[in-house]
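Everything below concerns the one structure shown next.
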Amino acid sequence: MQRPLADAYGRVATDLRVSLTDRCNLRCSYCMPAEGLDWLPLPEVLTDDEVVRLITIGVERLGIRRIRFTGGEPLIRRGLVDIVRRTRALDDDLELSVTTNGLGLERLAPSLAAAGLDRVNLSLDTVDPGRFRTITRRDRLDDVLRGAKAAHEAGLTPVKVNAVLLRGVNDDEACDLLAWAIAHEYELRFIEQMPLDAQHDWHRDQMVTAEEIFERLDQEFTLTPAREPRGSAPAELFLVDGGPATVGVIASVTRPFCGDCDRVRLTADGQVRNCLFAREESDLRSAMRAGASDDDLADRWVTAMASKRPGHGIDDPSFLQPDRPMSAIGG
């Protein structure tokens with residue numbers, strides 16, 4: 001019997017973000033230091049079988065309908081293709097996607113498509129090689145662009161591109177990014193920089209806001225609201241010059257959408273997070289390895305969701321950034 005993953009405010013989670021690793025092969029300046037981080041010890045990371053077991057519980061017992069595989073960088077997880085294949089076997093109607101930096105996507109896109117993945121979200125903040133090196137501390141832009149093309153050709157569409165504008169770094173590139181995305185039939189989403197960096201160096205006054213993004217885009221494009229309301233989707237969607245091309249803006253900080261949130265997160269070490277900014281987690285891994293039944297794990301998951309707060313609280317003076325950075329949470 002299915003039970004909803006409901007919280008005390010009437011929201012029901014049907015979208016599961018599964019982090020497969022906290023490791024990454026880029027070193028984006030707004031995410032982690034140049035030397036990287038102390039990665040999770042491998043024994044603490046869920047095995048492929050454990051990942052699939054928890055996904056199965058989510059789908060068959062708790063009403064999960066959309067699953068996105070995240071990281072760190074999920075493409076470096078050796079079992080990714082098999083995990084996708086086994087997840088697809090649960091239900092043909094599940095929506096399966098992956099968020100990736102694109103490194104390795106050229107090689108893996110055909111296998112992921114064959115395994116049943118629906119689409120790809122590509123994290124890319126610039127199409128300028130020099131700026132890419134500055135932001136990511138790696139000279140790999142060509143690899144990312146080839147990966148995006150391979151995903152498109154493999155039918156992992158729409159390829160959605162997630163971009164963060166950084167003040168004084170790439171904040172003059174909004175129109176160039178949108179023109180590039182439209183030319184390649186990708187769907188661009190701008191995301192406000194969030195307080196999830198490992199260095200805890202985020203400051204609101206340094207963030208490029210949604211309003212500033214609109215001001216930049218208005219210089220070259222005419223944006224009109226898309227016909228469909230946003231609903232639980234994080235992006236506010238706009239037609240570009242009357243369509244059919246669109247652009248989205250995810251204003252998590254200045255225009256929070258917590259009241260419609262339908263997401264829940266599972267970290268690479270088996271912790272349930274009911275909010276991206278939660279400071280508490282619920283441990284499924286330890287219970288699972290101690291012999292908990294599927295019913296017991298489902299009960300624990302339901303309990304974890306019940307305590308979800310009404311909002312992320314970034315504007316609250318008492319707000320504290322989560323101890324885990326984004327790379328260890330999953331997007």
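In the structure tokens, the first chain shown is A, the next is B, and so on; residue numbers restart at 1 for each chain, and ligands run from 1 in the order shown.
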
Residues of stretch 240-306 of chain A at most 9 Å from stretch 7-20 of chain A: nearest atom pair and distance in Å, only C-alpha atoms, as CSV:
```
residue,atom,partner,partner_atom,distance
A:Gly259,CA,A:Arg11,CA,7.6
A:Asp260,CA,A:Arg11,CA,6.9
A:Cys261,CA,A:Arg11,CA,6.8
A:Asp262,CA,A:Ala13,CA,4.1
A:Arg263,CA,A:Asp15,CA,4.7
A:Val264,CA,A:Leu16,CA,5.1
A:Arg265,CA,A:Arg17,CA,4.7
A:Leu266,CA,A:Val18,CA,5.0
A:Thr267,CA,A:Ser19,CA,4.9
A:Ala268,CA,A:Ser19,CA,4.9
A:Asp269,CA,A:Leu20,CA,8.5
A:Gly270,CA,A:Ser19,CA,9.0
A:Asn274,CA,A:Ala13,CA,8.9
A:Val302,CA,A:Asp7,CA,8.5
A:Thr303,CA,A:Asp7,CA,8.8
A:Ala304,CA,A:Asp7,CA,8.8
A:Met305,CA,A:Asp7,CA,5.5
A:Ala306,CA,A:Asp7,CA,4.1
```

Residues of the last selection are to be written out with N, CA and C atoms, as a CSV table (one decimal), in the first residue's frame.
```
chain,number,residue,atom,x,y,z
A,259,GLY,N,6.5,27.0,-0.8
A,259,GLY,CA,5.1,26.6,-0.6
A,259,GLY,C,4.6,25.5,-1.5
A,260,ASP,N,5.3,25.4,-2.7
A,260,ASP,CA,4.9,24.4,-3.7
A,260,ASP,C,5.9,23.2,-3.8
A,261,CYS,N,6.9,23.2,-2.9
A,261,CYS,CA,8.0,22.2,-3.1
A,261,CYS,C,7.4,20.8,-3.0
A,262,ASP,N,7.9,20.0,-3.9
A,262,ASP,CA,7.5,18.5,-3.9
A,262,ASP,C,8.8,17.6,-4.0
A,263,ARG,N,9.9,18.1,-3.5
A,263,ARG,CA,11.2,17.4,-3.6
A,263,ARG,C,11.6,16.9,-2.2
A,264,VAL,N,12.4,15.7,-2.3
A,264,VAL,CA,13.0,15.2,-1.2
A,264,VAL,C,14.4,14.7,-1.7
A,265,ARG,N,15.4,14.6,-0.8
A,265,ARG,CA,16.7,14.3,-1.3
A,265,ARG,C,17.3,13.1,-0.5
A,266,LEU,N,18.1,12.3,-1.2
A,266,LEU,CA,18.8,11.2,-0.6
A,266,LEU,C,20.3,11.4,-0.9
A,267,THR,N,21.1,11.5,0.2
A,267,THR,CA,22.5,11.8,0.0
A,267,THR,C,23.2,10.5,-0.4
A,268,ALA,N,24.5,10.6,-0.8
A,268,ALA,CA,25.2,9.5,-1.2
A,268,ALA,C,25.5,8.5,-0.1
A,269,ASP,N,25.4,9.0,1.1
A,269,ASP,CA,25.6,8.1,2.3
A,269,ASP,C,24.3,7.8,3.0
A,270,GLY,N,23.2,7.9,2.2
A,270,GLY,CA,22.0,7.3,2.7
A,270,GLY,C,21.2,8.1,3.7
A,274,ASN,N,14.9,16.6,3.8
A,274,ASN,CA,13.6,17.1,3.3
A,274,ASN,C,13.6,18.5,2.8
A,302,VAL,N,8.9,8.4,5.9
A,302,VAL,CA,7.6,9.2,6.1
A,302,VAL,C,7.8,10.1,7.3
A,303,THR,N,8.4,9.6,8.4
A,303,THR,CA,8.7,10.4,9.6
A,303,THR,C,9.6,11.6,9.3
A,304,ALA,N,10.6,11.3,8.5
A,304,ALA,CA,11.6,12.4,8.1
A,304,ALA,C,10.9,13.5,7.4
A,305,MET,N,10.0,13.2,6.5
A,305,MET,CA,9.3,14.2,5.7
A,305,MET,C,8.3,15.1,6.6
A,306,ALA,N,7.8,14.4,7.6
A,306,ALA,CA,6.8,15.1,8.4
A,306,ALA,C,7.3,16.4,9.1
```

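The list of residues with at least one atom within 12 Å of A:Leu90, based on only C-alpha atoms and without residues fewer than 3 positions apart in the same chain, reads Val52, Arg53, Ile55, Thr56, Ile57, Gly58, Val59, Glu60, Arg61, Ile64, Arg65, Ile67, Ile83, Val84, Arg85, Arg86, Thr87, Asp93, Leu94, Glu95, Leu96 and Gly116 of chain A.
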
Next, the residues of the selection above should be written as a short mmCIF file (atom, residue, chain, number, x, y, z; two decimals), in the first residue's frame with N, CA and C atoms.
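Now in selection_17.cif:
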```
data_model
loop_
_atom_site.label_atom_id
_atom_site.label_comp_id
_atom_site.auth_asym_id
_atom_site.auth_seq_id
_atom_site.Cartn_x
_atom_site.Cartn_y
_atom_site.Cartn_z
N VAL A 52 19.41 1.32 -5.27
CA VAL A 52 18.23 0.83 -5.98
C VAL A 52 17.15 0.38 -5.00
N ARG A 53 17.55 -0.20 -3.89
CA ARG A 53 16.55 -0.62 -2.89
C ARG A 53 15.78 0.57 -2.36
N ILE A 55 15.42 3.54 -3.78
CA ILE A 55 14.59 4.09 -4.86
C ILE A 55 13.33 3.26 -5.02
N THR A 56 13.48 1.94 -4.95
CA THR A 56 12.32 1.06 -5.10
C THR A 56 11.29 1.32 -4.02
N ILE A 57 11.75 1.50 -2.79
CA ILE A 57 10.83 1.82 -1.70
C ILE A 57 10.12 3.14 -1.99
N GLY A 58 10.89 4.13 -2.47
CA GLY A 58 10.30 5.42 -2.78
C GLY A 58 9.24 5.33 -3.85
N VAL A 59 9.49 4.54 -4.88
CA VAL A 59 8.56 4.43 -6.00
C VAL A 59 7.35 3.58 -5.63
N GLU A 60 7.61 2.39 -5.10
CA GLU A 60 6.52 1.43 -4.90
C GLU A 60 5.69 1.68 -3.65
N ARG A 61 6.27 2.33 -2.65
CA ARG A 61 5.55 2.49 -1.38
C ARG A 61 5.22 3.94 -1.05
N ILE A 64 6.88 8.17 -5.28
CA ILE A 64 7.86 8.92 -6.06
C ILE A 64 7.61 8.69 -7.54
N ARG A 65 7.58 9.78 -8.33
CA ARG A 65 7.33 9.68 -9.77
C ARG A 65 8.46 10.27 -10.62
N ILE A 67 12.72 11.07 -10.67
CA ILE A 67 14.00 10.80 -10.00
C ILE A 67 15.10 11.48 -10.79
N ILE A 83 22.37 1.53 -12.53
CA ILE A 83 21.37 2.07 -11.60
C ILE A 83 20.20 2.66 -12.38
N VAL A 84 20.50 3.38 -13.45
CA VAL A 84 19.44 3.94 -14.30
C VAL A 84 18.61 2.81 -14.89
N ARG A 85 19.26 1.79 -15.40
CA ARG A 85 18.55 0.67 -16.03
C ARG A 85 17.63 -0.02 -15.03
N ARG A 86 18.12 -0.26 -13.84
CA ARG A 86 17.32 -0.95 -12.82
C ARG A 86 16.19 -0.07 -12.32
N THR A 87 16.41 1.23 -12.29
CA THR A 87 15.34 2.15 -11.89
C THR A 87 14.25 2.20 -12.96
N ASP A 93 6.81 4.69 -16.66
CA ASP A 93 6.29 6.06 -16.62
C ASP A 93 7.08 6.99 -15.69
N LEU A 94 8.10 6.47 -15.01
CA LEU A 94 8.93 7.35 -14.19
C LEU A 94 9.67 8.34 -15.07
N GLU A 95 9.87 9.54 -14.55
CA GLU A 95 10.69 10.53 -15.24
C GLU A 95 12.09 10.48 -14.65
N LEU A 96 13.07 10.09 -15.46
CA LEU A 96 14.44 9.91 -14.99
C LEU A 96 15.37 10.91 -15.66
N GLY A 116 17.44 3.95 -20.33
CA GLY A 116 16.12 4.47 -19.99
C GLY A 116 16.10 5.86 -19.41
#
```

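Note that the spacing between atom CA of A:Phe132 and atom CA of A:Ala174 amounts to 14.4 Å.
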
| request: For A:Gly243, list every protein, DNA or RNA residue within 10 Å, evaluated using only C-alpha atoms, and leave out those in the same chain fewer than 3 positions away; present the list as a ChimeraX atom specification. | output: /A:222-224,226,238-240,246-247

Can you write out the residues you just picked, keeping C-alpha atoms, as an mmCIF file, in the first residue's frame?
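Result written to selection.cif:
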```cif
data_model
loop_
_atom_site.group_PDB
_atom_site.id
_atom_site.type_symbol
_atom_site.label_atom_id
_atom_site.label_comp_id
_atom_site.auth_asym_id
_atom_site.auth_seq_id
_atom_site.Cartn_x
_atom_site.Cartn_y
_atom_site.Cartn_z
ATOM 1 C CA THR A 222 11.595 40.167 -25.270
ATOM 2 C CA LEU A 223 10.399 37.853 -22.521
ATOM 3 C CA THR A 224 6.769 37.012 -21.896
ATOM 4 C CA ALA A 226 4.886 31.093 -20.507
ATOM 5 C CA PHE A 238 9.361 32.713 -20.166
ATOM 6 C CA LEU A 239 8.928 32.665 -23.931
ATOM 7 C CA VAL A 240 11.823 34.293 -25.767
ATOM 8 C CA THR A 246 12.071 29.509 -23.564
ATOM 9 C CA VAL A 247 14.281 30.616 -20.713
#
```

If we count only C-alpha atoms, what is near stretch 205-214 of chain A at a cut-off of 9 Å, once residues fewer than 5 positions away on the same chain are taken out, given as number ranges by chain?
A: 164-167, 171, 174, 190-194, 219, 223, 249-251, 253-255

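All residues of protein, DNA or RNA that reach within 7 Å of A:Glu106, judged by only C-alpha atoms and not counting those fewer than 5 positions away in the chain, are A:Arg146, A:Gly147, A:Ala150.
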
Okay, now the selection with N, CA and C atoms, as a PDB file, in the first residue's frame?
```pdb
ATOM      1  N   ARG A 146      30.954  19.081 -26.168  1.00  0.00           N
ATOM      2  CA  ARG A 146      30.752  17.832 -26.911  1.00  0.00           C
ATOM      3  C   ARG A 146      29.782  16.914 -26.176  1.00  0.00           C
ATOM      4  N   GLY A 147      29.843  16.944 -24.852  1.00  0.00           N
ATOM      5  CA  GLY A 147      28.911  16.141 -24.061  1.00  0.00           C
ATOM      6  C   GLY A 147      27.478  16.589 -24.244  1.00  0.00           C
ATOM      7  N   ALA A 150      26.314  15.409 -27.594  1.00  0.00           N
ATOM      8  CA  ALA A 150      26.075  13.961 -27.588  1.00  0.00           C
ATOM      9  C   ALA A 150      24.758  13.628 -26.903  1.00  0.00           C
TER      10      ALA A 150
END
```

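The closest residue to A:Gly79, picked from A:Arg66, A:Ala34, A:Ala114, A:Val51 and counting only C-alpha atoms, is A:Val51.
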
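The residues of stretch 234-317 of chain A that DSSP assigns to helix (DSSP H, G or I) on this backbone come out as A:Cys258, A:Gly259, A:Asp260, A:Arg285, A:Ser286, A:Ala287, A:Met288, A:Arg289, A:Asp294, A:Asp295, A:Asp296, A:Leu297, A:Ala298, A:Asp299, A:Arg300, A:Trp301, A:Val302, A:Thr303, A:Ala304, A:Met305, A:Ala306.
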
Pull the strand (DSSP E or B) assignments for stretch 17-147 of chain A out of DSSP run on the backbone, and list those residues as a PyMOL selection string.
-> chain A and resi 17-19+66-70+95-100+119-123

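Proximity to A:Gly242 was assessed for A:Pro225, A:Asp294, A:Lys308, A:Val169 counting only C-alpha atoms; the smallest distance is recorded for A:Pro225.
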
Atom CA of A:Arg68 sits from atom CA of A:Asp49 at a separation of 17.2 Å

As a check of understanding: the span from atom CA of A:Asp139 to atom CA of A:His152 is 22.5 Å

In terms of only C-alpha atoms, the residue from A:Met1, A:Leu156, A:Leu46, A:Leu112 at minimal distance from A:Ser286 is A:Leu46

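With only C-alpha atoms taken into account, the protein and nucleic acid residues at most 9 Å from A:Thr157 (excluding it and anything under 5 positions from it in its own chain) are Asp118, Arg119, Val120, Ala151, His152 and Tyr186 of chain A.
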